[in-house]
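Below: the structure, in structure tokens.
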Amino acid sequence: MEFFLDTAIIEEVKEIADWGILDGVTTNPSLIKKSGRDFKQVVSEIAALCSGPISAEVTALDAAGMVEEGLQLKAELPENVIIKIPCTPEGLKATKVLSGQGIGVNVTLIFSASQALMSAKAGAMYVSPFIGRIDDTGADGMDLIAEIMNTWDNYPDIETKVLAASIRHPMHMLQCMQMGVHTATMPTKIFKMLIKHPLTDKGIDGFMADWAEVEKAGNA
Ligand code: G3P
């Protein structure tokens with residue numbers, strides 16, 4: 001499973017990339033706003049820290065504008081940057097054009113299995129269903145992930161990867177792992193929650209205390 005980081009904060013990318021298990025990074029206009037930094041500059045810096053796909057989102061809403069922006073981003077940013085496009089009819093058209101030119105596209109803001117399959121047909125490298133935002137409406141975002149994974153099982157020739165996004169807590173990740181989701185993008189705090197376990201910390205404390213005794217006895 002690919003682990004992506006959902007942030008535009010360079011310090012967070014550095015910290016998680018240092019763990020050695022970071023496969024990619026996703027950004028969006030809201031995350032760029034939160035960083036308070038220049039879009040292209042911050043994406044370039046992220047792309048230098050992580051060799052995997054780095055999603056940079058277009059802001060045009062028409063296909064021609066999306067294609068133009070996508071080509072410009074590809075020309076100006078490092079090779080590992082891929083283009084993030086919203087799931088609309090115009091987005092499908094732009095995905096078809098860009099993917100036809102060998103450019104990786106991450107189709108985002110997916111809220112149904114039909115949207116995911118149509119984006120895959122347009123040539124998307126990734127489709128990004130948003131789990132947490134469905135949970136926010138009172139429905140279960142994981143149901144959508146299950147529907148998409150079942151759909152993918154029905155059509156084994158699909159090469160598009162399912163990229164679970166809008167992950168809000170460790171259970172979302174655990175359930176994605178059980179379903180064989182290809183990729184998930186998480187905020188830094190979820191990476192930290194997933195690696196932490198109180199029994200690991202307690203175990204280390206116990207081993208350290210006993211080792212101090214071993215040293216004291218001159219047996220180290
Ligand atoms: O990458 C976009 C997605 O992960 C957004 O998450 O928490 O804003 O719904 P959130």
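Following the order of the structure tokens, first chain is A, next is B, and so on, with residues numbered from 1 inside each chain and ligands from 1 in the order they appear.
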Listing only residues of chain A within 6 Å of ligand 1, what is the closest atom pair and its distance in Å (to one decimal) for each, using only C-alpha atoms and all ligand atoms, sorted by chain and residue number ascending, as a Markdown table?
| residue | atom | partner | partner_atom_place_in_ligand_line | distance |
| --- | --- | --- | --- | --- |
| A:Asp6 | CA | ligand 1 | 1 (O) | 5.6 |
| A:Thr26 | CA | ligand 1 | 1 (O) | 5.7 |
| A:Gly132 | CA | ligand 1 | 9 (O) | 5.5 |
| A:Arg133 | CA | ligand 1 | 9 (O) | 5.1 |
| A:Ala165 | CA | ligand 1 | 4 (O) | 4.1 |
| A:Ser166 | CA | ligand 1 | 6 (O) | 3.3 |
Suppose we keep C-alpha atoms; can you now write the selection as a PDB file, in the first residue's frame?
ATOM      1  CA  ASP A   6      -1.656  15.298   2.698  1.00  0.00           C
ATOM      2  CA  THR A  26      -0.935  15.452  -2.085  1.00  0.00           C
ATOM      3  CA  GLY A 132     -14.151  12.132   5.957  1.00  0.00           C
ATOM      4  CA  ARG A 133     -16.280  14.581   4.006  1.00  0.00           C
ATOM      5  CA  ALA A 165      -8.342  10.841   0.847  1.00  0.00           C
ATOM      6  CA  SER A 166      -9.926  12.972   3.560  1.00  0.00           C
TER       7      SER A 166
END
Note to self: Report as a VMD selection string all protein, DNA and RNA residues lying within 10 Å of A:Asn28, evaluated on only C-alpha atoms, omitting residues in the same chain fewer than 6 positions from it.
What the structure shows: chain A and resid 6 to 8 34 39 55 to 59 84 to 85 108
Keeping only N, CA, C and O atoms, take the residues you just selected and write them out as a PDB file, in the first residue's frame.
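Printed below is selection-v3.pdb as written:
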ATOM      1  N   ASP A   6      -0.721  14.288   3.182  1.00  0.00           N
ATOM      2  CA  ASP A   6      -1.656  15.298   2.698  1.00  0.00           C
ATOM      3  C   ASP A   6      -1.313  16.632   3.360  1.00  0.00           C
ATOM      4  O   ASP A   6      -1.892  16.982   4.390  1.00  0.00           O
ATOM      5  N   THR A   7      -0.381  17.368   2.766  1.00  0.00           N
ATOM      6  CA  THR A   7       0.061  18.627   3.382  1.00  0.00           C
ATOM      7  C   THR A   7       0.845  19.461   2.375  1.00  0.00           C
ATOM      8  O   THR A   7       1.331  18.946   1.370  1.00  0.00           O
ATOM      9  N   ALA A   8       0.951  20.767   2.688  1.00  0.00           N
ATOM     10  CA  ALA A   8       1.849  21.626   1.900  1.00  0.00           C
ATOM     11  C   ALA A   8       2.843  22.302   2.852  1.00  0.00           C
ATOM     12  O   ALA A   8       3.447  23.305   2.520  1.00  0.00           O
ATOM     13  N   LYS A  34      -3.132  27.279   3.529  1.00  0.00           N
ATOM     14  CA  LYS A  34      -2.698  27.054   4.921  1.00  0.00           C
ATOM     15  C   LYS A  34      -1.180  27.224   5.064  1.00  0.00           C
ATOM     16  O   LYS A  34      -0.702  27.689   6.099  1.00  0.00           O
ATOM     17  N   PHE A  39       2.654  28.778  -4.333  1.00  0.00           N
ATOM     18  CA  PHE A  39       2.236  27.446  -4.792  1.00  0.00           C
ATOM     19  C   PHE A  39       3.379  26.664  -5.461  1.00  0.00           C
ATOM     20  O   PHE A  39       3.761  25.569  -5.015  1.00  0.00           O
ATOM     21  N   SER A  55       1.029  15.625  -5.950  1.00  0.00           N
ATOM     22  CA  SER A  55      -0.141  16.173  -6.647  1.00  0.00           C
ATOM     23  C   SER A  55      -0.207  17.688  -6.520  1.00  0.00           C
ATOM     24  O   SER A  55      -0.179  18.234  -5.410  1.00  0.00           O
ATOM     25  N   ALA A  56      -0.323  18.357  -7.683  1.00  0.00           N
ATOM     26  CA  ALA A  56      -0.532  19.810  -7.734  1.00  0.00           C
ATOM     27  C   ALA A  56      -1.856  20.035  -8.461  1.00  0.00           C
ATOM     28  O   ALA A  56      -2.048  19.529  -9.570  1.00  0.00           O
ATOM     29  N   GLU A  57      -2.758  20.791  -7.821  1.00  0.00           N
ATOM     30  CA  GLU A  57      -4.120  20.899  -8.360  1.00  0.00           C
ATOM     31  C   GLU A  57      -4.313  22.119  -9.256  1.00  0.00           C
ATOM     32  O   GLU A  57      -3.844  23.215  -8.945  1.00  0.00           O
ATOM     33  N   VAL A  58      -5.037  21.905 -10.356  1.00  0.00           N
ATOM     34  CA  VAL A  58      -5.376  23.027 -11.237  1.00  0.00           C
ATOM     35  C   VAL A  58      -6.556  23.781 -10.614  1.00  0.00           C
ATOM     36  O   VAL A  58      -7.309  23.227  -9.811  1.00  0.00           O
ATOM     37  N   THR A  59      -6.713  25.045 -11.022  1.00  0.00           N
ATOM     38  CA  THR A  59      -7.831  25.832 -10.489  1.00  0.00           C
ATOM     39  C   THR A  59      -8.793  26.278 -11.590  1.00  0.00           C
ATOM     40  O   THR A  59      -9.852  26.824 -11.293  1.00  0.00           O
ATOM     41  N   LYS A  84      -3.581  17.330 -10.437  1.00  0.00           N
ATOM     42  CA  LYS A  84      -4.823  16.986  -9.738  1.00  0.00           C
ATOM     43  C   LYS A  84      -5.970  17.778 -10.380  1.00  0.00           C
ATOM     44  O   LYS A  84      -5.878  18.998 -10.556  1.00  0.00           O
ATOM     45  N   ILE A  85      -7.021  17.059 -10.714  1.00  0.00           N
ATOM     46  CA  ILE A  85      -8.139  17.646 -11.470  1.00  0.00           C
ATOM     47  C   ILE A  85      -9.454  17.240 -10.801  1.00  0.00           C
ATOM     48  O   ILE A  85      -9.625  16.068 -10.450  1.00  0.00           O
ATOM     49  N   THR A 108      -9.751  14.186  -8.364  1.00  0.00           N
ATOM     50  CA  THR A 108     -10.080  14.416  -6.954  1.00  0.00           C
ATOM     51  C   THR A 108     -11.557  14.779  -6.759  1.00  0.00           C
ATOM     52  O   THR A 108     -12.298  14.934  -7.721  1.00  0.00           O
TER      53      THR A 108
END
Go through chain A and collect every residue that DSSP, computed from the backbone, puts in helix (DSSP H, G or I); the answer should be as a CSV table (one decimal) with C-alpha atoms, in the first residue's frame.
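Below you can see states_16.csv, which holds the result:
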chain,number,residue,atom,x,y,z
A,10,ILE,CA,7.6,21.6,4.2
A,11,GLU,CA,8.6,20.8,7.8
A,12,GLU,CA,6.0,18.0,7.9
A,13,VAL,CA,7.1,16.6,4.6
A,14,LYS,CA,10.7,16.5,5.9
A,15,GLU,CA,9.7,14.9,9.1
A,16,ILE,CA,7.7,12.1,7.6
A,17,ALA,CA,10.0,11.6,4.5
A,29,PRO,CA,-5.6,24.9,-2.9
A,30,SER,CA,-6.8,24.9,0.7
A,31,LEU,CA,-3.5,23.2,1.9
A,32,ILE,CA,-1.5,25.8,-0.2
A,33,LYS,CA,-3.5,28.6,1.5
A,34,LYS,CA,-2.7,27.1,4.9
A,35,SER,CA,1.0,27.0,4.1
A,39,PHE,CA,2.2,27.4,-4.8
A,40,LYS,CA,4.9,26.5,-7.3
A,41,GLN,CA,7.8,27.1,-4.9
A,42,VAL,CA,6.3,24.9,-2.2
A,43,VAL,CA,5.4,22.1,-4.6
A,44,SER,CA,9.0,22.2,-6.0
A,45,GLU,CA,10.4,21.9,-2.5
A,46,ILE,CA,8.1,19.0,-1.7
A,47,ALA,CA,9.1,17.2,-4.9
A,48,ALA,CA,12.7,17.5,-4.0
A,49,LEU,CA,12.0,15.8,-0.6
A,63,ALA,CA,-11.2,21.6,-19.8
A,64,ALA,CA,-9.1,23.9,-22.0
A,65,GLY,CA,-8.0,25.9,-18.9
A,66,MET,CA,-7.2,22.8,-16.9
A,67,VAL,CA,-5.1,21.4,-19.8
A,68,GLU,CA,-3.2,24.6,-20.2
A,69,GLU,CA,-2.6,24.8,-16.4
A,70,GLY,CA,-1.6,21.2,-16.2
A,71,LEU,CA,0.9,21.5,-19.1
A,72,GLN,CA,2.3,24.6,-17.6
A,73,LEU,CA,2.7,23.0,-14.2
A,74,LYS,CA,4.4,20.0,-15.8
A,75,ALA,CA,6.8,22.3,-17.7
A,76,GLU,CA,7.7,24.3,-14.7
A,89,PRO,CA,-17.3,16.6,-17.1
A,90,GLU,CA,-14.7,19.2,-17.9
A,91,GLY,CA,-12.3,17.4,-15.6
A,92,LEU,CA,-12.8,14.2,-17.5
A,93,LYS,CA,-12.1,15.9,-20.8
A,94,ALA,CA,-8.9,17.4,-19.4
A,95,THR,CA,-7.9,14.1,-17.8
A,96,LYS,CA,-8.3,12.3,-21.2
A,97,VAL,CA,-6.0,14.9,-22.9
A,98,LEU,CA,-3.3,15.1,-20.3
A,99,SER,CA,-3.2,11.3,-19.7
A,100,GLY,CA,-3.1,10.8,-23.5
A,113,ALA,CA,-18.2,4.7,-7.6
A,114,SER,CA,-19.5,5.9,-10.9
A,115,GLN,CA,-17.3,9.0,-10.8
A,116,ALA,CA,-14.3,6.8,-9.9
A,117,LEU,CA,-14.9,4.4,-12.8
A,118,MET,CA,-15.5,7.3,-15.3
A,119,SER,CA,-12.3,8.9,-14.2
A,120,ALA,CA,-10.4,5.6,-14.6
A,121,LYS,CA,-11.9,5.4,-18.2
A,131,ILE,CA,-13.9,9.6,3.2
A,132,GLY,CA,-14.2,12.1,6.0
A,133,ARG,CA,-16.3,14.6,4.0
A,134,ILE,CA,-18.9,11.8,3.5
A,135,ASP,CA,-18.8,11.0,7.2
A,141,GLY,CA,-17.4,7.2,3.9
A,142,MET,CA,-16.0,3.7,4.1
A,143,ASP,CA,-19.0,2.4,2.2
A,144,LEU,CA,-17.9,4.4,-0.8
A,145,ILE,CA,-14.4,2.9,-0.6
A,146,ALA,CA,-15.9,-0.6,-0.4
A,147,GLU,CA,-18.1,0.2,-3.4
A,148,ILE,CA,-15.1,1.4,-5.4
A,149,MET,CA,-12.9,-1.5,-4.5
A,150,ASN,CA,-15.7,-4.0,-5.4
A,151,THR,CA,-16.1,-2.2,-8.8
A,152,TRP,CA,-12.3,-2.5,-9.3
A,153,ASP,CA,-12.6,-6.2,-8.6
A,154,ASN,CA,-15.2,-6.5,-11.4
A,170,PRO,CA,-6.6,5.7,12.2
A,171,MET,CA,-9.7,3.5,11.7
A,172,HIS,CA,-10.2,4.9,8.2
A,173,MET,CA,-6.6,3.7,7.5
A,174,LEU,CA,-7.1,0.3,9.1
A,175,GLN,CA,-10.2,-0.3,7.1
A,176,CYS,CA,-8.5,0.8,3.9
A,177,MET,CA,-5.7,-1.7,4.6
A,178,GLN,CA,-8.2,-4.5,5.1
A,179,MET,CA,-9.9,-3.6,1.8
A,188,THR,CA,0.9,14.2,9.6
A,189,LYS,CA,-1.1,13.6,12.8
A,190,ILE,CA,-2.5,10.3,11.4
A,191,PHE,CA,0.9,9.0,10.4
A,192,LYS,CA,1.9,9.7,14.1
A,193,MET,CA,-1.2,8.0,15.5
A,194,LEU,CA,-0.7,4.9,13.3
A,195,ILE,CA,2.9,4.3,14.5
A,198,PRO,CA,1.2,2.7,24.5
A,199,LEU,CA,2.4,-0.9,24.9
A,200,THR,CA,5.4,-0.2,22.7
A,201,ASP,CA,6.3,2.8,24.9
A,202,LYS,CA,5.7,0.8,28.1
A,203,GLY,CA,7.8,-2.0,26.7
A,204,ILE,CA,10.7,0.3,25.9
A,205,ASP,CA,10.5,1.9,29.4
A,206,GLY,CA,10.7,-1.6,30.9
A,207,PHE,CA,13.6,-2.7,28.8
A,208,MET,CA,15.5,0.5,29.5
A,209,ALA,CA,15.0,0.2,33.2
A,210,ASP,CA,16.2,-3.4,33.2
A,211,TRP,CA,19.2,-2.6,31.0
A,212,ALA,CA,20.2,0.1,33.5
A,213,GLU,CA,20.3,-2.6,36.1
A,214,VAL,CA,22.4,-4.8,33.7
A,215,GLU,CA,24.9,-1.9,33.3
A,216,LYS,CA,25.0,-1.2,37.0
Item checked: Selected residue of minimal separation from A:Ile83 among A:Tyr126, A:Trp19, A:Lys196, A:Leu61, counting only C-alpha atoms -> A:Tyr126
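Taking only C-alpha atoms into account, A:Val107 lies nearest to A:Leu163 out of the set A:Phe4, A:Gly20, A:Asp62, A:Leu163.
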Check: Tell me, which residues of stretch 24-152 of chain A carry DSSP strand (DSSP E or B), written as a ChimeraX atom specification?
Finding: /A:24-26,54-57,81-86,105-110,126-130
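Distances here use only C-alpha atoms; by that measure, the residue among A:Met125, A:Gly138, A:Ile82, A:Ile9 closest to A:Asp38 is A:Ile9.
With distances taken over only C-alpha atoms, A:Val25 is the one residue among A:Leu77, A:Met1, A:Val25, A:Leu109 lying closest to A:Met186.
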